[in-house]
>>> print(open('query30.csv').read())   # CSV, N, CA and C atoms
chain,number,residue,atom,x,y,z
N,288,MET,N,100.6,29.2,-143.5
N,288,MET,CA,101.3,29.4,-144.7
N,288,MET,C,101.8,28.0,-145.1
N,289,LYS,N,101.6,27.7,-146.4
N,289,LYS,CA,102.0,26.4,-146.9
N,289,LYS,C,103.5,26.3,-147.2
N,290,TRP,N,104.1,25.1,-147.4
N,290,TRP,CA,105.5,25.0,-147.7
N,290,TRP,C,105.9,25.8,-148.9
N,291,TRP,N,105.0,25.8,-149.9
N,291,TRP,CA,105.4,26.5,-151.2
N,291,TRP,C,105.5,27.9,-151.0
N,292,GLU,N,104.6,28.5,-150.1
N,292,GLU,CA,104.7,30.0,-149.9
N,292,GLU,C,106.0,30.3,-149.1
N,293,LYS,N,106.4,29.4,-148.3
N,293,LYS,CA,107.6,29.6,-147.5
N,293,LYS,C,108.9,29.8,-148.3
N,294,ILE,N,108.9,29.3,-149.5
N,294,ILE,CA,110.0,29.5,-150.4
N,294,ILE,C,110.3,30.9,-150.7
N,295,CYS,N,109.2,31.7,-150.8
N,295,CYS,CA,109.3,33.1,-151.1
N,295,CYS,C,110.3,33.8,-150.2
N,296,ALA,N,111.2,34.6,-150.7
N,296,ALA,CA,112.1,35.4,-149.9
N,296,ALA,C,111.6,36.8,-149.6
N,297,GLN,N,110.4,37.1,-150.1
N,297,GLN,CA,109.8,38.4,-149.9
N,297,GLN,C,110.6,39.5,-150.4
N,298,CYS,N,111.2,39.3,-151.6
N,298,CYS,CA,112.0,40.4,-152.2
N,298,CYS,C,111.2,41.4,-152.9
N,299,GLY,N,110.0,41.1,-153.2
N,299,GLY,CA,109.1,42.0,-153.9
N,299,GLY,C,109.3,42.2,-155.4
N,300,SER,N,110.2,41.4,-156.0
N,300,SER,CA,110.4,41.5,-157.4
N,300,SER,C,109.2,41.3,-158.2
N,301,CYS,N,108.3,40.3,-157.8
N,301,CYS,CA,107.1,40.0,-158.6
N,301,CYS,C,106.1,41.1,-158.4
N,302,CYS,N,106.3,42.0,-157.5
N,302,CYS,CA,105.3,43.1,-157.2
N,302,CYS,C,105.7,44.4,-157.9
N,303,HIS,N,106.8,44.4,-158.6
N,303,HIS,CA,107.2,45.6,-159.4
N,303,HIS,C,106.7,45.5,-160.8
N,304,GLU,N,106.5,46.6,-161.4
N,304,GLU,CA,106.0,46.6,-162.8
N,304,GLU,C,107.2,46.2,-163.7
N,305,LYS,N,106.8,45.3,-164.7
N,305,LYS,CA,107.7,44.8,-165.7
N,305,LYS,C,107.1,45.0,-167.1
N,306,VAL,N,107.9,45.3,-168.0
N,306,VAL,CA,107.4,45.4,-169.4
N,306,VAL,C,108.3,44.5,-170.3
N,307,ARG,N,107.6,43.7,-171.1
N,307,ARG,CA,108.3,42.8,-172.0
N,307,ARG,C,108.6,43.6,-173.3
N,308,LEU,N,109.9,43.7,-173.6
N,308,LEU,CA,110.3,44.4,-174.8
N,308,LEU,C,110.4,43.4,-176.0
N,309,SER,N,110.8,42.2,-175.7
N,309,SER,CA,110.9,41.2,-176.8
N,309,SER,C,110.7,39.8,-176.1
N,310,LYS,N,110.9,38.7,-176.8
N,310,LYS,CA,110.7,37.4,-176.2
N,310,LYS,C,111.5,37.2,-175.0
N,311,ASN,N,112.8,37.6,-175.0
N,311,ASN,CA,113.7,37.3,-173.8
N,311,ASN,C,114.3,38.6,-173.2
N,312,ARG,N,113.5,39.7,-173.3
N,312,ARG,CA,114.0,41.0,-172.8
N,312,ARG,C,112.9,41.8,-172.1
N,313,TYR,N,113.2,42.1,-170.8
N,313,TYR,CA,112.3,42.8,-170.0
N,313,TYR,C,112.9,44.1,-169.4
N,314,VAL,N,112.0,45.0,-169.0
N,314,VAL,CA,112.4,46.2,-168.2
N,314,VAL,C,111.7,46.0,-166.9
N,315,TYR,N,112.5,46.2,-165.8
N,315,TYR,CA,112.0,46.0,-164.5
N,315,TYR,C,112.1,47.4,-163.9
N,316,TYR,N,110.9,48.0,-163.5
N,316,TYR,CA,110.9,49.3,-162.9
N,316,TYR,C,110.9,49.2,-161.4
N,317,GLU,N,112.1,49.7,-160.9
N,317,GLU,CA,112.2,49.7,-159.4
N,317,GLU,C,111.3,50.6,-158.7
N,318,ASN,N,110.9,51.7,-159.3
N,318,ASN,CA,110.1,52.7,-158.7
N,318,ASN,C,108.6,52.6,-158.9
N,319,ILE,N,108.1,51.6,-159.6
N,319,ILE,CA,106.7,51.3,-159.9
N,319,ILE,C,106.4,50.0,-159.3
N,320,LYS,N,105.7,50.0,-158.1
N,320,LYS,CA,105.4,48.8,-157.5
N,320,LYS,C,103.9,48.7,-157.0
N,321,CYS,N,103.5,47.6,-156.6
N,321,CYS,CA,102.1,47.4,-156.1
N,321,CYS,C,102.0,48.3,-154.9
N,322,PRO,N,100.8,49.0,-154.7
N,322,PRO,CA,100.7,49.9,-153.6
N,322,PRO,C,100.6,49.1,-152.2
N,323,HIS,N,100.4,47.8,-152.3
N,323,HIS,CA,100.3,47.0,-151.1
N,323,HIS,C,101.6,46.4,-150.6
N,324,LEU,N,102.7,46.6,-151.4
N,324,LEU,CA,104.0,46.1,-151.1
N,324,LEU,C,104.6,47.0,-150.0
N,325,ARG,N,105.0,46.4,-148.9
N,325,ARG,CA,105.6,47.1,-147.8
N,325,ARG,C,107.1,47.2,-148.0
N,326,ASP,N,107.8,48.1,-147.3
N,326,ASP,CA,109.3,48.2,-147.5
N,326,ASP,C,110.0,46.9,-147.2
N,327,ASP,N,109.5,46.1,-146.3
N,327,ASP,CA,110.2,44.8,-145.9
N,327,ASP,C,109.9,43.7,-146.9
N,328,GLY,N,109.1,44.0,-148.0
N,328,GLY,CA,108.8,42.9,-149.0
N,328,GLY,C,107.5,42.2,-148.7
N,329,SER,N,106.9,42.4,-147.6
N,329,SER,CA,105.6,41.7,-147.3
N,329,SER,C,104.5,42.5,-147.9
N,330,CYS,N,103.3,41.9,-147.9
N,330,CYS,CA,102.1,42.5,-148.5
N,330,CYS,C,101.1,42.9,-147.5
N,331,ASP,N,100.6,44.1,-147.6
N,331,ASP,CA,99.5,44.6,-146.7
N,331,ASP,C,98.2,43.7,-146.7
N,332,VAL,N,98.0,43.2,-147.9
N,332,VAL,CA,96.7,42.4,-148.1
N,332,VAL,C,96.9,41.0,-148.5
N,333,TYR,N,98.0,40.4,-148.0
N,333,TYR,CA,98.4,39.1,-148.5
N,333,TYR,C,97.3,38.1,-148.6
N,334,HIS,N,96.4,37.9,-147.6
N,334,HIS,CA,95.4,36.9,-147.7
N,334,HIS,C,94.2,37.2,-148.6
N,335,GLU,N,94.1,38.5,-149.0
N,335,GLU,CA,93.1,38.9,-149.9
N,335,GLU,C,93.6,39.4,-151.2
N,336,ARG,N,94.9,39.2,-151.5
N,336,ARG,CA,95.6,39.9,-152.6
N,336,ARG,C,95.0,39.6,-154.0
N,337,PHE,N,94.5,38.5,-154.2
N,337,PHE,CA,93.9,38.2,-155.5
N,337,PHE,C,92.6,38.9,-155.8
N,338,CYS,N,91.9,39.2,-154.7
N,338,CYS,CA,90.6,39.9,-154.8
N,338,CYS,C,90.9,41.4,-154.9
N,339,VAL,N,91.8,41.9,-154.0
N,339,VAL,CA,92.1,43.3,-153.9
N,339,VAL,C,93.0,43.8,-155.1
N,340,SER,N,93.9,43.0,-155.6
N,340,SER,CA,94.8,43.4,-156.6
N,340,SER,C,94.7,42.4,-157.8
N,341,PRO,N,93.8,42.8,-158.8
N,341,PRO,CA,93.6,41.8,-159.9
N,341,PRO,C,94.9,41.4,-160.7
N,342,GLY,N,95.9,42.3,-160.6
N,342,GLY,CA,97.2,42.0,-161.3
N,342,GLY,C,98.1,41.0,-160.6
N,343,CYS,N,97.7,40.7,-159.4
N,343,CYS,CA,98.5,39.8,-158.6
N,343,CYS,C,98.4,38.4,-159.1
N,344,LYS,N,99.5,37.7,-159.3
N,344,LYS,CA,99.5,36.4,-159.8
N,344,LYS,C,99.9,35.4,-158.7
N,345,LYS,N,99.1,34.3,-158.6
N,345,LYS,CA,99.5,33.3,-157.7
N,345,LYS,C,100.7,32.5,-158.2
N,346,MET,N,101.7,32.4,-157.3
N,346,MET,CA,102.9,31.7,-157.7
N,346,MET,C,102.6,30.2,-157.6
N,347,THR,N,102.8,29.5,-158.7
N,347,THR,CA,102.5,28.1,-158.7
N,347,THR,C,103.8,27.4,-159.2
N,348,LEU,N,103.9,26.1,-159.1
N,348,LEU,CA,105.0,25.3,-159.5
N,348,LEU,C,105.2,25.5,-161.0
N,349,LEU,N,104.1,25.5,-161.8
N,349,LEU,CA,104.2,25.8,-163.2
N,349,LEU,C,104.8,27.1,-163.6
N,350,ARG,N,104.4,28.2,-162.9
N,350,ARG,CA,105.0,29.5,-163.1
N,350,ARG,C,106.5,29.5,-162.7
N,351,ALA,N,106.8,28.9,-161.6
N,351,ALA,CA,108.3,28.8,-161.3
N,351,ALA,C,109.1,28.1,-162.3
N,352,MET,N,108.5,27.1,-163.0
N,352,MET,CA,109.2,26.4,-164.0
N,352,MET,C,109.3,27.1,-165.3
N,353,THR,N,108.3,27.9,-165.7
N,353,THR,CA,108.2,28.5,-167.1
N,353,THR,C,108.1,30.0,-167.2
N,354,ALA,N,107.7,30.7,-166.2
N,354,ALA,CA,107.4,32.2,-166.4
N,354,ALA,C,108.7,32.9,-166.7
N,355,THR,N,108.8,33.6,-167.8
N,355,THR,CA,110.0,34.4,-168.1
N,355,THR,C,110.0,35.7,-167.4
N,356,TRP,N,108.8,36.1,-166.9
N,356,TRP,CA,108.7,37.5,-166.2
N,356,TRP,C,109.2,37.4,-164.8
N,357,LEU,N,109.7,36.3,-164.3
N,357,LEU,CA,110.2,36.2,-163.0
N,357,LEU,C,111.7,36.4,-163.1
N,358,PRO,N,112.3,37.4,-162.3
N,358,PRO,CA,113.7,37.7,-162.4
N,358,PRO,C,114.5,36.5,-161.9
N,359,PRO,N,115.8,36.3,-162.3
N,359,PRO,CA,116.6,35.2,-162.0
N,359,PRO,C,116.9,35.0,-160.5
N,360,ASP,N,116.8,36.1,-159.8
N,360,ASP,CA,117.1,36.0,-158.3
N,360,ASP,C,115.8,35.8,-157.5
N,361,CYS,N,114.7,35.5,-158.2
N,361,CYS,CA,113.5,35.2,-157.4
N,361,CYS,C,113.7,33.8,-156.8
N,362,ALA,N,113.3,33.7,-155.5
N,362,ALA,CA,113.5,32.5,-154.7
N,362,ALA,C,112.8,31.3,-155.4
N,363,TYR,N,111.7,31.5,-156.0
N,363,TYR,CA,111.0,30.4,-156.7
N,363,TYR,C,111.8,29.9,-157.9
N,364,VAL,N,112.4,30.9,-158.7
N,364,VAL,CA,113.2,30.5,-159.8
N,364,VAL,C,114.4,29.8,-159.4
N,365,GLU,N,115.1,30.3,-158.3
N,365,GLU,CA,116.3,29.6,-157.8
N,365,GLU,C,115.9,28.2,-157.3
N,366,TRP,N,114.8,28.0,-156.7
N,366,TRP,CA,114.3,26.7,-156.2
N,366,TRP,C,114.1,25.7,-157.4
N,367,ALA,N,113.5,26.2,-158.5
N,367,ALA,CA,113.2,25.4,-159.7
N,367,ALA,C,114.5,25.0,-160.3
N,368,LYS,N,115.5,26.0,-160.4
N,368,LYS,CA,116.8,25.7,-161.0
N,368,LYS,C,117.5,24.6,-160.2
N,369,ARG,N,117.5,24.7,-158.8
N,369,ARG,CA,118.1,23.7,-158.0
N,369,ARG,C,117.5,22.3,-158.2
N,370,HIS,N,116.3,22.2,-158.5
N,370,HIS,CA,115.6,21.0,-158.7
N,370,HIS,C,115.5,20.6,-160.2
N,371,HIS,N,116.3,21.3,-161.0
N,371,HIS,CA,116.4,21.0,-162.5
N,371,HIS,C,115.0,21.0,-163.2
N,372,ILE,N,114.2,21.9,-162.8
N,372,ILE,CA,112.8,22.0,-163.5
N,372,ILE,C,112.5,23.4,-164.0
N,373,ARG,N,113.5,24.2,-164.1
N,373,ARG,CA,113.3,25.5,-164.7
N,373,ARG,C,113.5,25.5,-166.2
N,374,PHE,N,112.5,25.7,-166.9
N,374,PHE,CA,112.5,25.5,-168.4
N,374,PHE,C,112.4,26.8,-169.1
N,375,ALA,N,112.2,27.9,-168.5
N,375,ALA,CA,112.1,29.2,-169.1
N,375,ALA,C,113.5,29.6,-169.6
N,376,PRO,N,113.5,30.3,-170.8
N,376,PRO,CA,114.8,30.7,-171.3
N,376,PRO,C,115.4,31.9,-170.4
N,377,GLU,N,116.7,32.0,-170.4
N,377,GLU,CA,117.3,33.1,-169.7
N,377,GLU,C,116.9,34.4,-170.4
N,378,CYS,N,116.6,35.4,-169.6
N,378,CYS,CA,116.2,36.7,-170.2
N,378,CYS,C,117.2,37.8,-169.8
N,379,GLU,N,117.2,38.8,-170.6
N,379,GLU,CA,117.9,40.0,-170.3
N,379,GLU,C,117.0,41.0,-169.5
N,380,TRP,N,117.5,41.4,-168.4
N,380,TRP,CA,116.7,42.3,-167.5
N,380,TRP,C,117.4,43.7,-167.5
N,381,ILE,N,116.6,44.7,-167.9
N,381,ILE,CA,117.0,46.1,-167.8
N,381,ILE,C,116.4,46.7,-166.6
N,382,VAL,N,117.1,47.1,-165.6
N,382,VAL,CA,116.6,47.8,-164.4
N,382,VAL,C,116.5,49.3,-164.6
N,383,SER,N,115.4,49.8,-164.4
N,383,SER,CA,115.2,51.3,-164.6
N,383,SER,C,114.5,51.9,-163.4
N,384,LEU,N,114.9,53.2,-163.2
N,384,LEU,CA,114.2,54.0,-162.2
N,384,LEU,C,113.3,54.9,-162.8
N,385,ASP,N,113.4,55.1,-164.1
N,385,ASP,CA,112.5,56.0,-164.9
N,385,ASP,C,111.3,55.2,-165.5
N,386,GLU,N,110.2,55.9,-165.7
N,386,GLU,CA,109.0,55.3,-166.2
N,386,GLU,C,109.2,55.1,-167.8
N,387,GLU,N,110.1,55.9,-168.3
N,387,GLU,CA,110.3,55.8,-169.8
N,387,GLU,C,111.7,55.4,-170.1
N,388,LEU,N,111.9,54.6,-171.0
N,388,LEU,CA,113.3,54.3,-171.5
N,388,LEU,C,113.7,55.2,-172.6
N,389,ASP,N,115.0,55.6,-172.5
N,389,ASP,CA,115.5,56.5,-173.5
N,389,ASP,C,115.8,55.7,-174.8
>>> encode(input="query30.csv", output="structure tokens")
Amino acid sequence: MKWWEKICAQCGSCCHEKVRLSKNRYVYYENIKCPHLRDDGSCDVYHERFCVSPGCKKMTLLRAMTATWLPPDCAYVEWAKRHHIRFAPECEWIVSLDEELD
């Protein structure tokens, strides 16, 4: 595992379904997650994740700096903020257990 991957806190936030409502507003679905995400936040298919799960995105420095779809408590986002290289705007996050918003 490389130093960059060790930053990950294995919270699983990036493995849950998110829907963008507007430029700075997202819905985070706690109950819709990647089928390979374990309860402890690790991945069943970590080394093959990009082949097995096409929706899985590789976390890069650029994504940590700019991706608005990463929640503010993501360890990569926190790392980028500590190093003053987080350029994505703050977003409003709506956490939902339902698949549909009222």
>>> closest_residue(input="query30.csv", among="N:Val339, N:Cys361, N:Met346, N:Ile381", to="Ser300 of chain N", atoms="all atoms listed in the file")
N:Cys361
>>> residues_around(input="query30.csv", residues="Cys321 of chain N", least_positions_apart="3", cutoff="6.5 Å", atoms="only N, CA and C atoms", output="list of chain:residue names")
N:Cys302, N:His303, N:Glu304, N:Leu324
>>> closest_residue(input="query30.csv", among="N:Arg336, N:Lys305, N:Lys289, N:His371", to="Ile319 of chain N", atoms="all atoms listed in the file")
N:Lys305
>>> closest_residue(input="query30.csv", among="N:Val382, N:Leu348, N:Pro376, N:Arg369", to="Trp291 of chain N", atoms="only C-alpha atoms")
N:Leu348
>>> atom_distance(input="query30.csv", atom1="atom CA of Thr347 of chain N", atom2="atom CA of Cys378 of chain N")
19.8 Å
